[in-house]
Amino acid sequence: MTLPPKPPARQGRVSLWRYMRLFRQDILSAQPARLYRAWMAEFRTPFFRSYLCNQPALVDLVLKARPDDFPKSDRIREGLTPLLGNSVFVTNGETWKRQRRIIDPAFEGGRLRDTFPAMLKAGQGAVTRLADMADGKPLEIEAQTSHVAADVIFRTLFSLPIEDELAARVFAEFREHQRTQPVVNIAALVPLPRWLPRFRRRRTRETAATIRELITHMTERRMAEIEAGTAPDDLATKIMTTPDPQSGERFDTAEMVDQVAIFFLAGHETSASALAWALYLLALYPDWQDRLAQEADQVIKDDTLSFSDMGKLRLSRDVFRETLRLYPPVPMMVREAACPERLRDRDVPRGSQIVLSPWHLHRHERLWDRPDAFDPARYDTENGRTCLREAYIPFSAGQRVCTGAGFAMIEGPLLLSLLVRAYRFAIVPERPAMPVAHLTVRGKDGIWLKVTPRG
Ligand code: HEM
């Protein structure tokens with residue numbers, strides 16, 4: 001049985017500078033193979049120490065038991081400030097807690113039900129859009145999944161379809177932004193000494209400024225609609241009208257702009273990556289694709305379905321889950337030890353980097369049965385269920401768990417089922433995909449598929 005693509009691990013030891021160079025190219029293939037077996041790995045350099053924690057108990061300690069002692073590193077902010085300002089993704093402490101108190105209610109179960117029709121519309125739009133491209137010629141599918149994921153965000157957040165002029169401009173600028181700064185997380189993962197000057201390309205600063213200007217425009221417009229009592233009942237209105245239960249304060253326009261920027265970035269890049277890999281995996285394993293199409297046919301009637309039907313798309317959920325295991329869109333996360341620690345009998349100095357790697361944890365050879373195999377049925381086995389609880393963190397875990405986890409687990413299976421019901425996806429043998437970690441896990445040269453109507 002062919003295994004899904006996995007980047008080759010680094011061979012042998014390398015110098016720090018060589019490691020940095022490899023790391024810049026791709027954080028996945030820069031790592032040695034032993035990380036797929038280790039419980040913890042230490043990296044010592046002249047500037048910093050870094051500890052990759054791969055043991056479920058350690059991951060729990062950092063994310064769930066004592067998260068306040070392992071805050072996000074300030075360096076994450078350095079890389080992302082031009083675009084994200086003071087968004088919930090980069091803040092810590094009291095500011096972060098207040099922001100989450102305001103944002104979280106918008107993503108609760110009941111609200112997801114209200115959000116569902118907008119997601120469905122975006123999915124139906126993608127099915128229509130693909131009709132012109134479903135001619136069996138090689139198609140780069142990430143561009144399509146980015147498009148639909150962006151549409152989902154605009155429709156659910158601002159009740160705007162991506163065809164709206166402002167929405168289309170934000171989407172175009174984000175694409176440009178990624179082109180100018182393809183590896184945003186470098187600054188976060190390699191803590192360069194503070195005295196080293198930072199070079200940020202001018203074009204990157206410019207695209208960040210344009211995106212923020214456009215988002216500011218949208219947010220100001222919405223603020224005015226709220227005041228006039230004419231605002232649509234969507235996620236933006238909900239977030240902007242929710243007072244912090246402790247202080248009674250709401251987000252002002254500036255703070256909301258920061259949050260919109262992160263919803264857009266975190267919400268569309270990640271879902272686009274997962275959906276593209278899910279389609280690639282289904283192309284590699286056509287039996288699964290046919291089973292999924294059959295399930296979708298049974299559940300989706302007259303090209304539509306309701307929120308309560310989502311529970312019936314079980315295969316689709318398991319395929320999406322397995323995709324997030326093999327290709328976690330956020331492959332690594334970084335925290336900082338706020339005080340000296342002792343982890344697995346090693347002294348960990350204050351300020352050390354603590355790296356959590358969904359990529360390695362999800363393929364850990366001592367935890368998962370056949371860790372590199374694609375098997376959505378594994379979640380019906382004892383090993384699959386245990387690992388799902390203890391070694392599966394595509395959305396992180398604990399108090400800083402992804403705000404959009406529930407949202408994404410509706411969106412992903414929904415889009416997958418709609419697309420697979422309408423089209424057949426096949427691999428392009430001369431263009432195999434290879435994962436590489438940019439801002440999220442993407443195909444090194446894109447993800448190419450042949451699409452034809454299922455008929
Ligand atoms: C498959 C889709 C998604 C994946 C795999 C994913 C993954 C993650 C992960 C791993 C984190 C934690 C990062 C860290 O702590 O360093 C995170 C945070 C976050 N995500 Fe998602 N995400 C997805 C979709 C979404 C969506 C749809 C939204 C919003 C609409 C969203 C909004 C956020 C926000 C606001 C945070 C910051 C939370 C905080 O720090 O308190 N994400 N996501």
# chains A, B, ... in the order shown; residues from 1 in each chain; ligands from 1

call {"tool": "residues_around", "arguments": {"residues": "range 287-301 of chain A", "least_positions_apart": "2", "cutoff": "6 Å", "atoms": "only C-alpha atoms", "output": "number ranges by chain"}}
result
A: 282, 285, 303-305, 417, 420-421

call {"tool": "write_last_selection", "arguments": {"atoms": "all heavy atoms", "output": "short mmCIF file (atom, residue, chain, number, x, y, z; two decimals), in the first residue's frame"}}
result
data_model
loop_
_atom_site.label_atom_id
_atom_site.label_comp_id
_atom_site.auth_asym_id
_atom_site.auth_seq_id
_atom_site.Cartn_x
_atom_site.Cartn_y
_atom_site.Cartn_z
N LEU A 282 -7.77 11.71 -0.91
CA LEU A 282 -8.87 10.98 -1.54
C LEU A 282 -8.53 10.59 -2.98
O LEU A 282 -8.99 9.58 -3.48
CB LEU A 282 -10.16 11.81 -1.49
CG LEU A 282 -10.76 11.95 -0.08
CD1 LEU A 282 -11.98 12.86 -0.12
CD2 LEU A 282 -11.13 10.59 0.51
N TYR A 285 -6.38 7.56 -2.65
CA TYR A 285 -7.12 6.37 -2.18
C TYR A 285 -8.56 6.44 -2.71
O TYR A 285 -9.49 6.77 -1.97
CB TYR A 285 -7.07 6.29 -0.64
CG TYR A 285 -5.65 6.31 -0.13
CD1 TYR A 285 -5.07 7.46 0.35
CD2 TYR A 285 -4.87 5.15 -0.20
CE1 TYR A 285 -3.74 7.49 0.76
CE2 TYR A 285 -3.54 5.17 0.21
CZ TYR A 285 -2.98 6.34 0.68
OH TYR A 285 -1.68 6.36 1.07
N ASP A 303 -29.06 19.11 -3.60
CA ASP A 303 -27.88 19.97 -3.43
C ASP A 303 -27.85 20.73 -2.11
O ASP A 303 -27.15 21.73 -1.98
CB ASP A 303 -27.77 21.00 -4.58
CG ASP A 303 -27.47 20.32 -5.90
OD1 ASP A 303 -26.80 19.27 -5.85
OD2 ASP A 303 -27.92 20.81 -6.94
N THR A 304 -28.62 20.29 -1.15
CA THR A 304 -28.58 21.02 0.11
C THR A 304 -28.68 20.06 1.31
O THR A 304 -29.00 18.88 1.16
CB THR A 304 -29.69 22.10 0.15
OG1 THR A 304 -29.44 22.96 1.25
CG2 THR A 304 -31.08 21.50 0.28
N LEU A 305 -28.37 20.58 2.46
CA LEU A 305 -28.49 19.81 3.70
C LEU A 305 -28.59 20.80 4.86
O LEU A 305 -28.32 21.99 4.69
CB LEU A 305 -27.32 18.83 3.89
CG LEU A 305 -25.95 19.35 4.30
CD1 LEU A 305 -25.06 18.19 4.72
CD2 LEU A 305 -25.28 20.11 3.21
N SER A 417 -17.59 16.92 1.48
CA SER A 417 -18.72 16.13 0.98
C SER A 417 -19.36 16.78 -0.23
O SER A 417 -19.70 16.09 -1.20
CB SER A 417 -19.76 15.93 2.09
OG SER A 417 -19.21 15.12 3.09
N VAL A 420 -16.86 16.24 -3.24
CA VAL A 420 -16.67 14.85 -3.69
C VAL A 420 -17.97 14.29 -4.27
O VAL A 420 -17.95 13.41 -5.13
CB VAL A 420 -16.14 14.00 -2.51
CG1 VAL A 420 -16.22 12.54 -2.82
CG2 VAL A 420 -14.70 14.40 -2.22
N ARG A 421 -19.07 14.81 -3.83
CA ARG A 421 -20.35 14.38 -4.40
C ARG A 421 -20.46 14.84 -5.86
O ARG A 421 -21.02 14.15 -6.70
CB ARG A 421 -21.49 14.98 -3.57
CG ARG A 421 -22.86 14.66 -4.09
CD ARG A 421 -23.89 15.11 -3.09
NE ARG A 421 -25.22 15.04 -3.66
CZ ARG A 421 -25.82 16.03 -4.30
NH1 ARG A 421 -25.21 17.19 -4.43
NH2 ARG A 421 -27.03 15.88 -4.79
#

call {"tool": "residues_around", "arguments": {"residues": "Leu61 in chain A", "least_positions_apart": "5", "cutoff": "12 Å", "atoms": "only C-alpha atoms", "output": "list of chain:residue names"}}
result
A:Cys53, A:Asn54, A:Gln55, A:Pro56, A:Arg66, A:Pro67, A:Asp68, A:Asp69, A:Phe70, A:Ala337, A:Glu341, A:Arg342, A:Leu343, A:Arg344, A:Ile354, A:Leu356, A:Ala397, A:Gly398

call {"tool": "write_last_selection", "arguments": {"atoms": "all heavy atoms", "output": "short mmCIF file (atom, residue, chain, number, x, y, z; two decimals), in the first residue's frame"}}
result
data_model
loop_
_atom_site.label_atom_id
_atom_site.label_comp_id
_atom_site.auth_asym_id
_atom_site.auth_seq_id
_atom_site.Cartn_x
_atom_site.Cartn_y
_atom_site.Cartn_z
N CYS A 53 8.66 18.98 22.94
CA CYS A 53 7.95 18.07 23.85
C CYS A 53 7.00 17.19 23.05
O CYS A 53 6.09 17.69 22.40
CB CYS A 53 7.15 18.86 24.88
SG CYS A 53 8.20 19.82 25.94
N ASN A 54 7.24 15.90 23.12
CA ASN A 54 6.50 14.96 22.29
C ASN A 54 5.78 13.91 23.11
O ASN A 54 5.24 12.97 22.57
CB ASN A 54 7.51 14.21 21.40
CG ASN A 54 7.24 14.40 19.94
OD1 ASN A 54 6.24 14.97 19.56
ND2 ASN A 54 8.13 13.88 19.12
N GLN A 55 5.86 14.05 24.44
CA GLN A 55 5.23 13.04 25.29
C GLN A 55 3.87 13.60 25.71
O GLN A 55 3.79 14.74 26.16
CB GLN A 55 6.10 12.83 26.52
CG GLN A 55 5.61 11.72 27.41
CD GLN A 55 6.46 11.62 28.67
OE1 GLN A 55 7.02 12.62 29.13
NE2 GLN A 55 6.56 10.43 29.21
N PRO A 56 2.80 12.80 25.57
CA PRO A 56 1.48 13.35 25.89
C PRO A 56 1.41 14.04 27.25
O PRO A 56 0.80 15.11 27.37
CB PRO A 56 0.57 12.12 25.82
CG PRO A 56 1.23 11.25 24.78
CD PRO A 56 2.70 11.45 24.97
N ARG A 66 -0.59 23.88 33.14
CA ARG A 66 -0.03 25.16 33.60
C ARG A 66 0.22 26.11 32.43
O ARG A 66 1.35 26.61 32.24
CB ARG A 66 1.27 24.87 34.36
CG ARG A 66 1.03 24.11 35.68
CD ARG A 66 2.32 23.72 36.38
NE ARG A 66 3.35 24.70 36.18
CZ ARG A 66 4.64 24.41 35.97
NH1 ARG A 66 5.05 23.16 35.97
NH2 ARG A 66 5.52 25.36 35.79
N PRO A 67 -0.80 26.39 31.64
CA PRO A 67 -0.56 27.22 30.43
C PRO A 67 -0.03 28.61 30.74
O PRO A 67 0.73 29.17 29.95
CB PRO A 67 -1.94 27.29 29.77
CG PRO A 67 -2.92 26.94 30.84
CD PRO A 67 -2.21 26.02 31.78
N ASP A 68 -0.39 29.17 31.91
CA ASP A 68 0.08 30.53 32.21
C ASP A 68 1.59 30.57 32.44
O ASP A 68 2.21 31.63 32.34
CB ASP A 68 -0.66 31.10 33.43
CG ASP A 68 -2.12 31.40 33.09
OD1 ASP A 68 -2.41 31.57 31.88
OD2 ASP A 68 -2.95 31.44 34.01
N ASP A 69 2.18 29.41 32.77
CA ASP A 69 3.64 29.37 32.96
C ASP A 69 4.38 29.15 31.64
O ASP A 69 5.61 29.14 31.61
CB ASP A 69 4.01 28.24 33.94
CG ASP A 69 3.50 28.52 35.34
OD1 ASP A 69 3.31 29.72 35.65
OD2 ASP A 69 3.26 27.57 36.11
N PHE A 70 3.61 28.90 30.58
CA PHE A 70 4.24 28.71 29.26
C PHE A 70 3.53 29.61 28.24
O PHE A 70 2.82 29.15 27.36
CB PHE A 70 4.11 27.24 28.84
CG PHE A 70 4.81 26.29 29.76
CD1 PHE A 70 4.11 25.64 30.78
CD2 PHE A 70 6.18 26.07 29.65
CE1 PHE A 70 4.76 24.77 31.66
CE2 PHE A 70 6.83 25.20 30.53
CZ PHE A 70 6.12 24.55 31.52
N ALA A 337 9.28 29.16 28.45
CA ALA A 337 9.21 28.81 29.87
C ALA A 337 9.35 30.10 30.68
O ALA A 337 10.39 30.76 30.65
CB ALA A 337 10.33 27.84 30.22
N GLU A 341 12.28 25.29 34.82
CA GLU A 341 11.48 24.06 34.91
C GLU A 341 12.40 22.85 34.96
O GLU A 341 13.58 22.94 34.60
CB GLU A 341 10.61 23.92 33.63
CG GLU A 341 9.62 25.04 33.40
CD GLU A 341 8.40 24.93 34.29
OE1 GLU A 341 8.18 23.87 34.91
OE2 GLU A 341 7.66 25.93 34.39
N ARG A 342 11.84 21.75 35.39
CA ARG A 342 12.56 20.49 35.26
C ARG A 342 11.64 19.52 34.51
O ARG A 342 10.58 19.16 34.99
CB ARG A 342 12.92 19.94 36.64
CG ARG A 342 13.99 18.92 36.55
CD ARG A 342 14.75 18.68 37.85
NE ARG A 342 15.52 17.46 37.71
CZ ARG A 342 16.68 17.37 37.07
NH1 ARG A 342 17.22 18.45 36.54
NH2 ARG A 342 17.30 16.21 36.95
N LEU A 343 12.07 19.19 33.31
CA LEU A 343 11.23 18.34 32.47
C LEU A 343 12.00 17.07 32.11
O LEU A 343 13.12 17.15 31.63
CB LEU A 343 10.82 19.05 31.17
CG LEU A 343 10.09 20.41 31.29
CD1 LEU A 343 9.81 21.00 29.91
CD2 LEU A 343 8.80 20.27 32.06
N ARG A 344 11.41 15.93 32.34
CA ARG A 344 12.06 14.64 32.09
C ARG A 344 13.50 14.65 32.60
O ARG A 344 14.45 14.35 31.86
CB ARG A 344 12.03 14.30 30.59
CG ARG A 344 10.63 13.87 30.13
CD ARG A 344 10.65 13.30 28.73
NE ARG A 344 11.39 12.06 28.61
CZ ARG A 344 10.90 10.87 28.93
NH1 ARG A 344 9.66 10.76 29.37
NH2 ARG A 344 11.63 9.80 28.81
N ILE A 354 9.77 26.29 24.25
CA ILE A 354 9.12 24.98 24.36
C ILE A 354 8.35 24.78 23.06
O ILE A 354 7.44 25.56 22.76
CB ILE A 354 8.15 24.94 25.57
CG1 ILE A 354 8.85 25.39 26.85
CG2 ILE A 354 7.50 23.58 25.70
CD1 ILE A 354 9.91 24.44 27.36
N LEU A 356 5.94 22.58 20.66
CA LEU A 356 4.99 21.48 20.59
C LEU A 356 4.79 21.22 19.11
O LEU A 356 4.58 22.16 18.34
CB LEU A 356 3.66 21.89 21.23
CG LEU A 356 3.86 22.38 22.67
CD1 LEU A 356 2.69 23.20 23.12
CD2 LEU A 356 4.12 21.22 23.60
N ALA A 397 -4.66 22.73 22.36
CA ALA A 397 -5.51 22.19 23.42
C ALA A 397 -5.44 23.14 24.60
O ALA A 397 -4.61 24.06 24.63
CB ALA A 397 -5.02 20.81 23.83
N GLY A 398 -6.34 22.93 25.58
CA GLY A 398 -6.30 23.76 26.78
C GLY A 398 -6.93 25.12 26.54
O GLY A 398 -7.68 25.32 25.58
#

call {"tool": "residues_around", "arguments": {"residues": "range 377-384 of chain A", "least_positions_apart": "6", "cutoff": "12 Å", "atoms": "only C-alpha atoms", "output": "ChimeraX atom specification"}}
result
/A:288,314-322,325,362,366-371,390-392

call {"tool": "write_last_selection", "arguments": {"atoms": "N, CA and C atoms", "output": "CSV table (one decimal), in the first residue's frame"}}
result
chain,number,residue,atom,x,y,z
A,288,TRP,N,-11.7,5.2,-0.9
A,288,TRP,CA,-12.3,6.1,0.2
A,288,TRP,C,-13.1,7.2,-0.5
A,314,ARG,N,-20.3,11.0,8.7
A,314,ARG,CA,-19.3,10.4,9.6
A,314,ARG,C,-18.0,10.1,8.9
A,315,LEU,N,-18.1,9.5,7.7
A,315,LEU,CA,-16.9,9.1,7.0
A,315,LEU,C,-16.1,10.4,6.6
A,316,SER,N,-16.9,11.4,6.2
A,316,SER,CA,-16.3,12.7,5.9
A,316,SER,C,-15.6,13.3,7.1
A,317,ARG,N,-16.2,13.2,8.2
A,317,ARG,CA,-15.5,13.7,9.4
A,317,ARG,C,-14.2,12.9,9.7
A,318,ASP,N,-14.3,11.6,9.6
A,318,ASP,CA,-13.1,10.8,9.9
A,318,ASP,C,-12.0,11.0,8.8
A,319,VAL,N,-12.4,11.2,7.6
A,319,VAL,CA,-11.3,11.6,6.6
A,319,VAL,C,-10.7,12.9,6.9
A,320,PHE,N,-11.5,13.9,7.3
A,320,PHE,CA,-11.0,15.2,7.6
A,320,PHE,C,-10.1,15.1,8.8
A,321,ARG,N,-10.5,14.3,9.8
A,321,ARG,CA,-9.7,14.1,11.0
A,321,ARG,C,-8.4,13.5,10.7
A,322,GLU,N,-8.4,12.5,9.8
A,322,GLU,CA,-7.2,11.8,9.5
A,322,GLU,C,-6.3,12.7,8.7
A,325,ARG,N,-4.5,14.9,11.0
A,325,ARG,CA,-3.4,14.1,11.7
A,325,ARG,C,-2.2,14.1,10.8
A,362,HIS,N,1.6,13.6,15.9
A,362,HIS,CA,0.6,12.8,15.2
A,362,HIS,C,1.2,11.6,14.4
A,366,ARG,N,5.8,5.6,18.7
A,366,ARG,CA,5.6,4.8,19.9
A,366,ARG,C,4.1,5.0,20.3
A,367,LEU,N,3.4,5.8,19.6
A,367,LEU,CA,2.0,6.0,20.1
A,367,LEU,C,1.0,5.5,19.0
A,368,TRP,N,1.1,5.8,17.8
A,368,TRP,CA,0.1,5.4,16.8
A,368,TRP,C,0.4,4.1,16.1
A,369,ASP,N,-0.6,3.3,15.8
A,369,ASP,CA,-0.4,2.1,14.9
A,369,ASP,C,-0.2,2.7,13.5
A,370,ARG,N,0.7,2.1,12.8
A,370,ARG,CA,1.0,2.5,11.4
A,370,ARG,C,0.9,4.0,11.2
A,371,PRO,N,1.8,4.8,11.9
A,371,PRO,CA,1.6,6.2,12.0
A,371,PRO,C,1.6,6.9,10.7
A,390,GLU,N,-5.2,11.5,23.4
A,390,GLU,CA,-3.9,11.9,24.1
A,390,GLU,C,-2.8,12.4,23.2
A,391,ALA,N,-2.9,12.2,21.9
A,391,ALA,CA,-1.8,12.5,21.0
A,391,ALA,C,-2.3,13.2,19.7
A,392,TYR,N,-3.3,14.0,19.8
A,392,TYR,CA,-3.9,14.6,18.6
A,392,TYR,C,-4.3,16.0,18.9

call {"tool": "closest_residue", "arguments": {"among": "A:Leu265, A:Ala338, A:Ile103, A:Ala426", "to": "Met240 in chain A", "atoms": "only C-alpha atoms"}}
result
A:Ile103

call {"tool": "select_by_dssp", "arguments": {"residues": "range 311-439 of chain A", "states": "strand (DSSP E or B)", "output": "list in words"}}
result
Met333, Val334, Arg335, Glu336, Glu341, Arg342, Leu343, Arg346, Asp347, Val348, Gln353, Ile354, Val355, Leu356, Tyr423, Arg424, Phe425, Ala426, Ile427, Pro435, Val436 and Ala437 of chain A

call {"tool": "closest_residue", "arguments": {"among": "A:Arg13, A:His438, A:Arg431, A:Arg424", "to": "Ala134 in chain A", "atoms": "only C-alpha atoms"}}
result
A:Arg424

call {"tool": "select_by_dssp", "arguments": {"residues": "range 61-115 of chain A", "states": "helix (DSSP H, G or I)", "output": "VMD selection string"}}
result
chain A and resid 61 to 65 67 to 69 74 to 84 93 to 107 109 to 115

call {"tool": "closest_residue", "arguments": {"among": "A:Lys121, A:Arg10, A:Lys137, A:Arg129", "to": "Lys450 in chain A", "atoms": "only C-alpha atoms"}}
result
A:Lys137

call {"tool": "closest_residue", "arguments": {"among": "A:Arg346, A:Arg203, A:Arg113, A:Arg400", "to": "ligand 1", "atoms": "only C-alpha atoms and all ligand atoms"}}
result
A:Arg400

call {"tool": "residues_around", "arguments": {"residues": "Phe171 in chain A", "least_positions_apart": "3", "cutoff": "12 Å", "atoms": "only C-alpha atoms", "output": "count of residues only"}}
result
34
